[in-house]
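Engineer: This structure is in structure tokens; I'll ask about it shortly.
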Amino acid sequence: MSHRRIPKRKAVLAGAGAVGIAAAAILLPHANASQSGNDSQARSAPRTMSAASAAEIVSQLGKKLGEAYGGAYYDAGKQQLVVNVVGDNNNLAVEVNKAGAVARSVENSVGELKSAAGTLAAKATIPGTAWAVDPKTNQILVTADRTVAGERWDRLETAVKSLGDGVARIQKSAGTFKPFLEGGDAIFGGGARCSLGFNVTTQDGSPGFLTAGHCGVAAKQWSESANGQPIGTVQAATFPGDGDFALVTYDDPATQAASEVDLGNGQTLPITQAADAAVGQQVFRMGSTTGLKDGSVTGLNATVNYPEGTVSGLIQTDVCAEPGDSGGSLFTQDGSAIGLTSGGSGDCTAGGETFFQPVTTALAAVGAQIGDGQGAGGAQDNGQGGGAQDNGGAQDSGQGSGAAEDPAGQTG
């Protein structure tokens with residue numbers, strides 16, 4: 001597999017290449033112009049839609065349903081949005097159906113699940129644990145790595161049981177939760193190696209890039225080669241705490257920071273905007289150690305208790321990653337910037353969970369915009385939303401089975 005350096009005059013995202021298959025087309029939502037009876041019935045039927053359209057609908061329905069809202073997810077196989085509704089209020093189900101989504105009756109509201117997550121934070125902030133809301137099961141999924149045993153395991157079980165039946169469940173991970181800091185061949189600083197995430201434009205118009213916060217606190221200056229001349233300086237970094245992100249500005253203000261991801265083998269994917277992640281969404285990750293990998297989003301607003309401290313507000317996925325991939329880009333095939341690699345367990349042979357810092361949150365915190373500043377939008381985090389496509393047709397689901405589906409729709 002090939003590797004592409006980050007030139008000083010044109011910054012690209014470094015990483016190993018991967019071959020792939022053509023990307024699937026994304027369906028657009030149907031317009032509802034007519035007010036006829038037949039058209040009303042059509043609107044009440046589940047509608048096929050793209051993940052991006054699903055996310056927009058969720059942001060509206062979440063507010064309309066209020067305390068009865070139990071989260072939502074995108075069913076990629078059927079290309080439908082599934083919305084959880086607490087209780088048996090038929091009027092609310094009708095509201096969901098009119099929007100073209102599928103109403104699903106559940107027990108737990110988003111508010112109740114967030115309250116339960118707060119209880120876990122108070123009772124079970126144990127290194128080696130993580131939790132995120134899983135709208136498909138309408139529960140909080142609690143993950144414990146292999147270091148959680150004995151008294152710490154007992155404490156975790158007690159905390160989960162205190163939430164009541166059907167609120168949370170525990171799964172074991174064979175790996176160990178850790179930030180993916182060392183290793184790789186992308187950006188270097190203070191003896192650490194990480195990956196560049198996305199190029200951005202700062203508030204004063206200067207070029208810069210986002211990477212992981214634990215990379216930003218590890219070194220102040222970053223180079224394109226080990227012991228090389230610095231090309232960028234950290235301006236802000238958050239880790240641990242409310243995120244894992246850092247803003248680095250290029251030392252040369254004339255740097256042409258391309259808004260694209262290097263997919264390897266001479267292929268690049270333009271990054272046009274930032275967007276929020278959604279459960280069920282197919283995503284791609286590029287990192288300097290393992291190159292291009294794909295998988296799907298499995299949880300939002302995840303809290304991870306690393307040995308270095310607790311980080312909240314992350315995206316949970318089944319995409320694999322390894323040391324050196326930290327800070328690397330998580331994105332969709334349509335060119336939306338989704339996340340920055342934080343850490344997780346496992347590797348690209350055995351698989352495991354990987355967590356990502358949401359790009360929209362990082363941009364808002366540092367006051368930057370994607371690329372030339374024209375694509376910093378993206379939906380605001382609705383806590384549960386619909387999403388992009390699932391990884392049903394991918395060749396590599398993040399378990400190290402081979403090359404990932406190519407989001408550029410080309411074969412390298």
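Residue numbering restarts at 1 in every chain; chains get A, B, ... in the order shown in the structure tokens, and ligands count up from 1 in that same order.
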Can you tell me, as number ranges by chain, which residues in stretch 82-253 of chain A count as strand (DSSP E) by DSSP?
Structural biologist: A: 82-86, 102-106, 129-134, 139-144, 168-172, 178-179, 187-189, 192-194, 198-201, 207-211, 221-223, 230-238, 245-250
Engineer: Determine, counting only C-alpha atoms, which protein, DNA and RNA residues have an atom within 10 Å of an atom of stretch 339-341 of chain A; residues of the same chain fewer than 5 positions away are not included. Present the result as a VMD selection string.
Structural biologist: chain A and resid 179 to 181 194 to 198 210 to 213 244 to 246 274 to 277 283 to 287 314 to 315 321 to 322 324 to 332 354 to 362
Engineer: Do you know which residues are at most 6 Å from A:Asn199 counting only C-alpha atoms, after dropping those on the same chain fewer than 3 positions away, and could you put them as a count of residues only?
Structural biologist: 5
Engineer: Where in stretch 148-254 of chain A does DSSP assign alpha helix (DSSP H), given as a ChimeraX atom specification?
Structural biologist: /A:151-161,213-216
Engineer: In Å, how far is it from atom CA of A:Pro46 to atom CA of A:Gly100?
Structural biologist: 4.8 Å
Engineer: Could you work out how far atom CA of A:Leu300 lies from atom CA of A:Leu363, giving the answer in Å with one decimal?
Structural biologist: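 One can read the atom CA of A:Leu363 to atom CA of A:Leu300 distance as 17.7 Å.
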Engineer: Name the closest residue to A:His214 among the candidates A:Tyr250, A:Phe239, A:Phe177, A:Tyr69; distances are taken between atoms, counting only C-alpha atoms.
Structural biologist: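 The answer is A:Phe239, which sits nearest to A:His214.
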Engineer: Using only C-alpha atoms, which of the listed residues (A:Ile338, A:Ile370, A:Ala219, A:Val167) sits closest to A:Phe188?
Structural biologist: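 Of all the options, A:Ala219 lies closest to A:Phe188.
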Engineer: Determine, counting only C-alpha atoms, which protein, DNA and RNA residues have an atom within 10 Å of an atom of A:Thr137; residues of the same chain fewer than 5 positions away are not included. Present the result as a list in words.
Structural biologist: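 Everything that qualifies: Asn84, Val106, Asn108, Gly166, Val167, Ala168 and Arg169 of chain A.
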Engineer: So that I have them on file, write out the residues from the current selection with N, CA, C and O atoms, as a PDB file, in the first residue's frame.
Structural biologist:
ATOM      1  N   ASN A  84     -38.267   6.098  17.944  1.00  0.00           N
ATOM      2  CA  ASN A  84     -38.793   5.500  19.171  1.00  0.00           C
ATOM      3  C   ASN A  84     -39.761   6.454  19.858  1.00  0.00           C
ATOM      4  O   ASN A  84     -39.436   7.634  20.062  1.00  0.00           O
ATOM      5  N   VAL A 106     -41.482   2.152  22.616  1.00  0.00           N
ATOM      6  CA  VAL A 106     -40.404   1.751  23.516  1.00  0.00           C
ATOM      7  C   VAL A 106     -40.735   2.165  24.948  1.00  0.00           C
ATOM      8  O   VAL A 106     -41.707   2.879  25.196  1.00  0.00           O
ATOM      9  N   ASN A 108     -38.182   3.510  27.255  1.00  0.00           N
ATOM     10  CA  ASN A 108     -37.317   4.549  27.819  1.00  0.00           C
ATOM     11  C   ASN A 108     -37.243   5.783  26.932  1.00  0.00           C
ATOM     12  O   ASN A 108     -36.979   5.685  25.734  1.00  0.00           O
ATOM     13  N   GLY A 166     -34.074  -3.252  32.059  1.00  0.00           N
ATOM     14  CA  GLY A 166     -34.285  -2.752  30.707  1.00  0.00           C
ATOM     15  C   GLY A 166     -33.727  -1.376  30.413  1.00  0.00           C
ATOM     16  O   GLY A 166     -34.046  -0.787  29.375  1.00  0.00           O
ATOM     17  N   VAL A 167     -32.889  -0.843  31.294  1.00  0.00           N
ATOM     18  CA  VAL A 167     -32.339   0.499  31.071  1.00  0.00           C
ATOM     19  C   VAL A 167     -30.926   0.431  30.496  1.00  0.00           C
ATOM     20  O   VAL A 167     -30.563   1.222  29.629  1.00  0.00           O
ATOM     21  N   ALA A 168     -30.108  -0.506  30.980  1.00  0.00           N
ATOM     22  CA  ALA A 168     -28.726  -0.616  30.517  1.00  0.00           C
ATOM     23  C   ALA A 168     -28.298  -2.077  30.526  1.00  0.00           C
ATOM     24  O   ALA A 168     -28.870  -2.910  31.231  1.00  0.00           O
ATOM     25  N   ARG A 169     -27.293  -2.363  29.721  1.00  0.00           N
ATOM     26  CA  ARG A 169     -26.720  -3.698  29.700  1.00  0.00           C
ATOM     27  C   ARG A 169     -25.210  -3.580  29.566  1.00  0.00           C
ATOM     28  O   ARG A 169     -24.700  -2.566  29.067  1.00  0.00           O
TER      29      ARG A 169
END
Engineer: Can you work out the spacing between atom CA of A:Asp242 and atom CA of A:Asp134 in Å, to one decimal?
Structural biologist: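 One can read the atom CA of A:Asp242 to atom CA of A:Asp134 distance as 20.3 Å.
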Engineer: Which polymer residues have any atom within 12 Å of an atom of A:Ser105, counting only C-alpha atoms, with same-chain residues fewer than 3 positions away left out, as a VMD selection string?
Structural biologist: chain A and resid 68 to 72 82 to 90 92 to 93 96 102 108 to 109 135 to 138
Engineer: Can you write out the residues you just picked, keeping N, CA and C atoms, as a compact mmCIF listing (two decimals), in the first residue's frame?
Structural biologist:
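Done, and the output landed in selection_37.txt:
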# COMPACT_ATOMS: atom_id res chain seq x y z
N ALA A 68 -41.88 12.21 25.11
CA ALA A 68 -42.18 10.90 24.56
C ALA A 68 -41.13 10.42 23.56
N TYR A 69 -40.15 11.28 23.26
CA TYR A 69 -39.11 10.92 22.29
C TYR A 69 -38.13 9.94 22.90
N GLY A 70 -37.95 8.79 22.23
CA GLY A 70 -37.06 7.76 22.75
C GLY A 70 -35.85 7.52 21.89
N GLY A 71 -35.50 8.48 21.02
CA GLY A 71 -34.35 8.32 20.15
C GLY A 71 -34.76 7.82 18.77
N ALA A 72 -33.79 7.68 17.88
CA ALA A 72 -34.06 7.25 16.52
C ALA A 72 -32.80 6.67 15.91
N VAL A 82 -36.31 5.05 11.74
CA VAL A 82 -37.11 4.47 12.81
C VAL A 82 -37.05 5.41 14.02
N VAL A 83 -38.21 5.83 14.50
CA VAL A 83 -38.28 6.78 15.62
C VAL A 83 -38.94 6.10 16.82
N ASN A 84 -38.27 6.10 17.94
CA ASN A 84 -38.79 5.50 19.17
C ASN A 84 -39.76 6.45 19.86
N VAL A 85 -40.93 5.94 20.22
CA VAL A 85 -41.95 6.74 20.90
C VAL A 85 -42.35 6.03 22.20
N VAL A 86 -42.28 6.75 23.31
CA VAL A 86 -42.65 6.19 24.61
C VAL A 86 -44.16 6.32 24.80
N GLY A 87 -44.81 5.23 25.22
CA GLY A 87 -46.24 5.28 25.46
C GLY A 87 -47.04 4.84 24.25
N ASP A 88 -48.35 4.96 24.38
CA ASP A 88 -49.25 4.49 23.32
C ASP A 88 -50.11 5.62 22.75
N ASN A 89 -49.56 6.83 22.74
CA ASN A 89 -50.28 7.97 22.18
C ASN A 89 -50.30 7.86 20.66
N ASN A 90 -51.46 7.52 20.11
CA ASN A 90 -51.57 7.30 18.68
C ASN A 90 -51.32 8.58 17.88
N LEU A 92 -49.09 10.80 18.42
CA LEU A 92 -47.65 10.97 18.23
C LEU A 92 -47.14 10.01 17.15
N ALA A 93 -47.68 8.80 17.14
CA ALA A 93 -47.30 7.84 16.11
C ALA A 93 -47.70 8.35 14.73
N VAL A 96 -45.25 10.90 13.54
CA VAL A 96 -44.03 10.27 13.03
C VAL A 96 -44.26 9.72 11.63
N VAL A 102 -40.89 5.50 10.59
CA VAL A 102 -41.57 4.38 11.22
C VAL A 102 -41.61 4.61 12.73
N ASN A 108 -38.18 3.51 27.25
CA ASN A 108 -37.32 4.55 27.82
C ASN A 108 -37.24 5.78 26.93
N SER A 109 -37.46 6.94 27.52
CA SER A 109 -37.32 8.20 26.78
C SER A 109 -35.85 8.61 26.78
N PRO A 135 -30.06 3.48 20.51
CA PRO A 135 -31.49 3.60 20.22
C PRO A 135 -32.10 2.34 19.62
N LYS A 136 -31.29 1.46 19.06
CA LYS A 136 -31.84 0.23 18.48
C LYS A 136 -32.40 -0.68 19.57
N THR A 137 -31.76 -0.68 20.74
CA THR A 137 -32.26 -1.48 21.86
C THR A 137 -32.97 -0.63 22.90
N ASN A 138 -32.94 0.71 22.69
CA ASN A 138 -33.56 1.64 23.64
C ASN A 138 -32.96 1.47 25.03
Engineer: Show which residues sit within 9 Å of stretch 118-132 of chain A, as a PyMOL selection string. Count only C-alpha atoms, and ignore same-chain residues fewer than 2 positions away.
Structural biologist: chain A and resi 113-116+134+139-148+152+155-160+162-163+170+176-178+298-310+314-316
